Amino acid sequence: MIFGVSVRGGDPFVSSGVPSYANHRYPVEIISHCVWLYFRFPLSYREVEEMMLERGVVVSYETIRRWCLKFGQAYANSLRRRRPKPGDKWHLDEVFIKIRGEQKYLWRAVDADGNVLDILVQSRRDKAAATRFFRRLLTTTGQVPRVVVTDKLKSYGAAHREVMPSVEHRAHKGLNNRAENSHQPTRQRERAMKGFRSPGGAQRFLSAFTGISPHFRPHRHLMSAGRYRFEMTVRFTIWNHITGVASLPATA
């Protein structure tokens, strides 16, 4: 582990599962940089296009959109594989989101360190929806938690008794601030995007966003300036490896 960045089963800088860039006119450095800008900062595709134009790179916002759809999830999956094993205490929460005027629910689970385990956009927050999210979590993480912390929504209790009755369940709103706080970056992006356009689009964006954005958000308030810069250097190096930039030959 290097300042919170660890890899399961090997060297953190060994590239694996690098996406194919065959038949793409632009080099990997430009593609990965555009994807990084879009998922790291509250920018629109047109704003990323403008920033690239200022750097002398002419690329349309529609091309950037296709890159984000094609490579964003692949990058997020690679970063997730390099994360430490999740803690055994999970915090679950759901928030309202508006999609084309209809109320939907964004379910989210984080561990005790605030690492996002999974998200799921659903139309309801009843027992069936909670059960679906519980089962998805167990499949995604491949492990069973020691403790599950939720608010007092009764759907959690019913799903808990059905899916993981042997796991301790603590239902208390005051204990679940970690999960509630984890929604803040999503809310920021939701405002910048003026809302999501479809449940499927929200699920696709947030699945990639919650894999990429936290990688570049270490706990800055807990670090000195020097340690923070070193941590970010490590994380950018990992990013370059999972995107394939680091495997390119050096130029004189």
# chains A, B, ... in the order shown; residues from 1 in each chain; ligands from 1

$ closest_atom_pairs --of "segment 23-119 of chain A" --to "segment 143-156 of chain A" --cutoff "9 Å" --atoms "only C-alpha atoms" --output "tab-separated table"
residue	atom	partner	partner_atom	distance
A:Pro86	CA	A:Gln143	CA	8.8
A:Gly87	CA	A:Pro145	CA	7.7
A:Asp88	CA	A:Pro145	CA	4.5
A:Lys89	CA	A:Val147	CA	4.8
A:Trp90	CA	A:Val148	CA	4.9
A:His91	CA	A:Val149	CA	4.7
A:Leu92	CA	A:Thr150	CA	5.2
A:Asp93	CA	A:Thr150	CA	6.2

$ residues_around --residues "Arg135 of chain A" --least-positions-apart "5" --cutoff "9 Å" --atoms "only C-alpha atoms" --output "ChimeraX atom specification"
/A:130,140,163

$ write_last_selection --atoms "N, CA, C and O atoms" --output "mmCIF file, in the first residue's frame"
data_model
loop_
_atom_site.group_PDB
_atom_site.id
_atom_site.type_symbol
_atom_site.label_atom_id
_atom_site.label_comp_id
_atom_site.auth_asym_id
_atom_site.auth_seq_id
_atom_site.Cartn_x
_atom_site.Cartn_y
_atom_site.Cartn_z
ATOM 1 N N ALA A 130 -34.634 -2.669 -2.059
ATOM 2 C CA ALA A 130 -33.559 -2.858 -1.083
ATOM 3 C C ALA A 130 -32.931 -4.248 -1.234
ATOM 4 O O ALA A 130 -31.712 -4.406 -1.159
ATOM 5 N N THR A 140 -21.065 -7.819 -6.217
ATOM 6 C CA THR A 140 -20.023 -6.890 -6.639
ATOM 7 C C THR A 140 -18.772 -7.005 -5.783
ATOM 8 O O THR A 140 -17.650 -7.041 -6.297
ATOM 9 N N VAL A 163 -31.843 -11.363 3.024
ATOM 10 C CA VAL A 163 -30.607 -11.585 2.270
ATOM 11 C C VAL A 163 -29.426 -11.940 3.165
ATOM 12 O O VAL A 163 -28.638 -12.841 2.848
#

$ select_by_dssp --residues "segment 1-245 of chain A" --states "helix (DSSP H, G or I)" --output "JSON, numbers by chain"
{"A": [28, 29, 30, 31, 32, 33, 34, 35, 36, 37, 38, 39, 40, 45, 46, 47, 48, 49, 50, 51, 52, 53, 54, 61, 62, 63, 64, 65, 66, 67, 68, 69, 70, 71, 72, 73, 74, 75, 76, 77, 78, 79, 80, 81, 127, 128, 129, 130, 131, 132, 133, 134, 135, 136, 137, 138, 139, 140, 141, 154, 155, 156, 157, 158, 159, 160, 161, 162, 163, 173, 174, 175, 177, 178, 179, 180, 181, 184, 185, 186, 187, 188, 189, 190, 191, 192, 199, 200, 201, 202, 203, 204, 205, 206, 207, 208, 209, 210, 211, 212, 213, 214, 215, 216, 220, 221, 222, 225, 226, 227, 228, 229, 230, 231, 232, 233, 234, 235, 236, 237, 238, 239, 240, 241, 242, 243, 245]}

$ residues_around --residues "Thr186 of chain A" --least-positions-apart "2" --cutoff "12 Å" --atoms "only C-alpha atoms" --output "JSON, numbers by chain"
{"A": [39, 40, 41, 42, 95, 96, 97, 106, 107, 108, 116, 119, 180, 181, 182, 183, 184, 188, 189, 190, 191, 192, 193, 195, 196, 202, 203, 205, 206, 207, 208, 209, 210, 213, 214]}

$ residues_around --residues "Met52 of chain A" --least-positions-apart "4" --cutoff "12 Å" --atoms "only C-alpha atoms" --output "list of chain:residue names"
A:Glu29, A:Ile30, A:Ile31, A:His33, A:Cys34, A:Val35, A:Leu37, A:Tyr38, A:Tyr45, A:Arg46, A:Glu47, A:Val48, A:Gly56, A:Val57, A:Val58, A:Val59, A:Ser60, A:Tyr61, A:Ile64

$ write_last_selection --atoms "C-alpha atoms" --output "CSV table (one decimal), in the first residue's frame"
chain,number,residue,atom,x,y,z
A,29,GLU,CA,-2.8,10.7,-24.3
A,30,ILE,CA,-5.6,12.9,-25.7
A,31,ILE,CA,-8.4,10.4,-25.2
A,33,HIS,CA,-7.0,13.3,-20.7
A,34,CYS,CA,-10.4,14.2,-22.0
A,35,VAL,CA,-12.0,11.3,-20.1
A,37,LEU,CA,-11.3,16.0,-17.3
A,38,TYR,CA,-14.9,15.0,-17.7
A,45,TYR,CA,-18.5,17.9,-23.0
A,46,ARG,CA,-18.5,21.3,-24.7
A,47,GLU,CA,-16.3,22.8,-21.9
A,48,VAL,CA,-13.8,19.9,-22.3
A,56,GLY,CA,-4.2,23.3,-29.7
A,57,VAL,CA,-6.2,20.1,-30.0
A,58,VAL,CA,-9.3,20.2,-32.2
A,59,VAL,CA,-11.8,17.6,-31.1
A,60,SER,CA,-15.6,17.8,-31.1
A,61,TYR,CA,-17.7,17.5,-28.0
A,64,ILE,CA,-15.4,13.4,-26.3

$ closest_residue --among "A:Cys68, A:Ala22, A:Lys194, A:Pro27" --to "Gly101 of chain A" --atoms "only C-alpha atoms"
A:Lys194

$ select_by_dssp --residues "segment 18-113 of chain A" --states "strand (DSSP E or B)" --output "ChimeraX atom specification"
/A:89-99,102-111

$ residues_around --residues "Arg220 of chain A" --least-positions-apart "6" --cutoff "10 Å" --atoms "only C-alpha atoms" --output "PyMOL selection string"
chain A and resi 227-229+231

$ write_last_selection --atoms "N, CA, C and O atoms" --output "CSV table (one decimal), in the first residue's frame"
chain,number,residue,atom,x,y,z
A,227,ARG,N,3.0,15.5,1.4
A,227,ARG,CA,2.4,14.1,1.3
A,227,ARG,C,1.3,14.1,0.2
A,227,ARG,O,1.2,13.1,-0.5
A,228,TYR,N,0.5,15.2,0.2
A,228,TYR,CA,-0.6,15.2,-0.8
A,228,TYR,C,0.0,15.2,-2.2
A,228,TYR,O,-0.5,14.5,-3.1
A,229,ARG,N,1.0,16.0,-2.5
A,229,ARG,CA,1.6,16.0,-3.8
A,229,ARG,C,2.1,14.7,-4.2
A,229,ARG,O,2.0,14.2,-5.3
A,231,GLU,N,1.2,11.8,-3.0
A,231,GLU,CA,0.0,10.9,-3.2
A,231,GLU,C,-0.6,11.1,-4.6
A,231,GLU,O,-0.9,10.1,-5.3
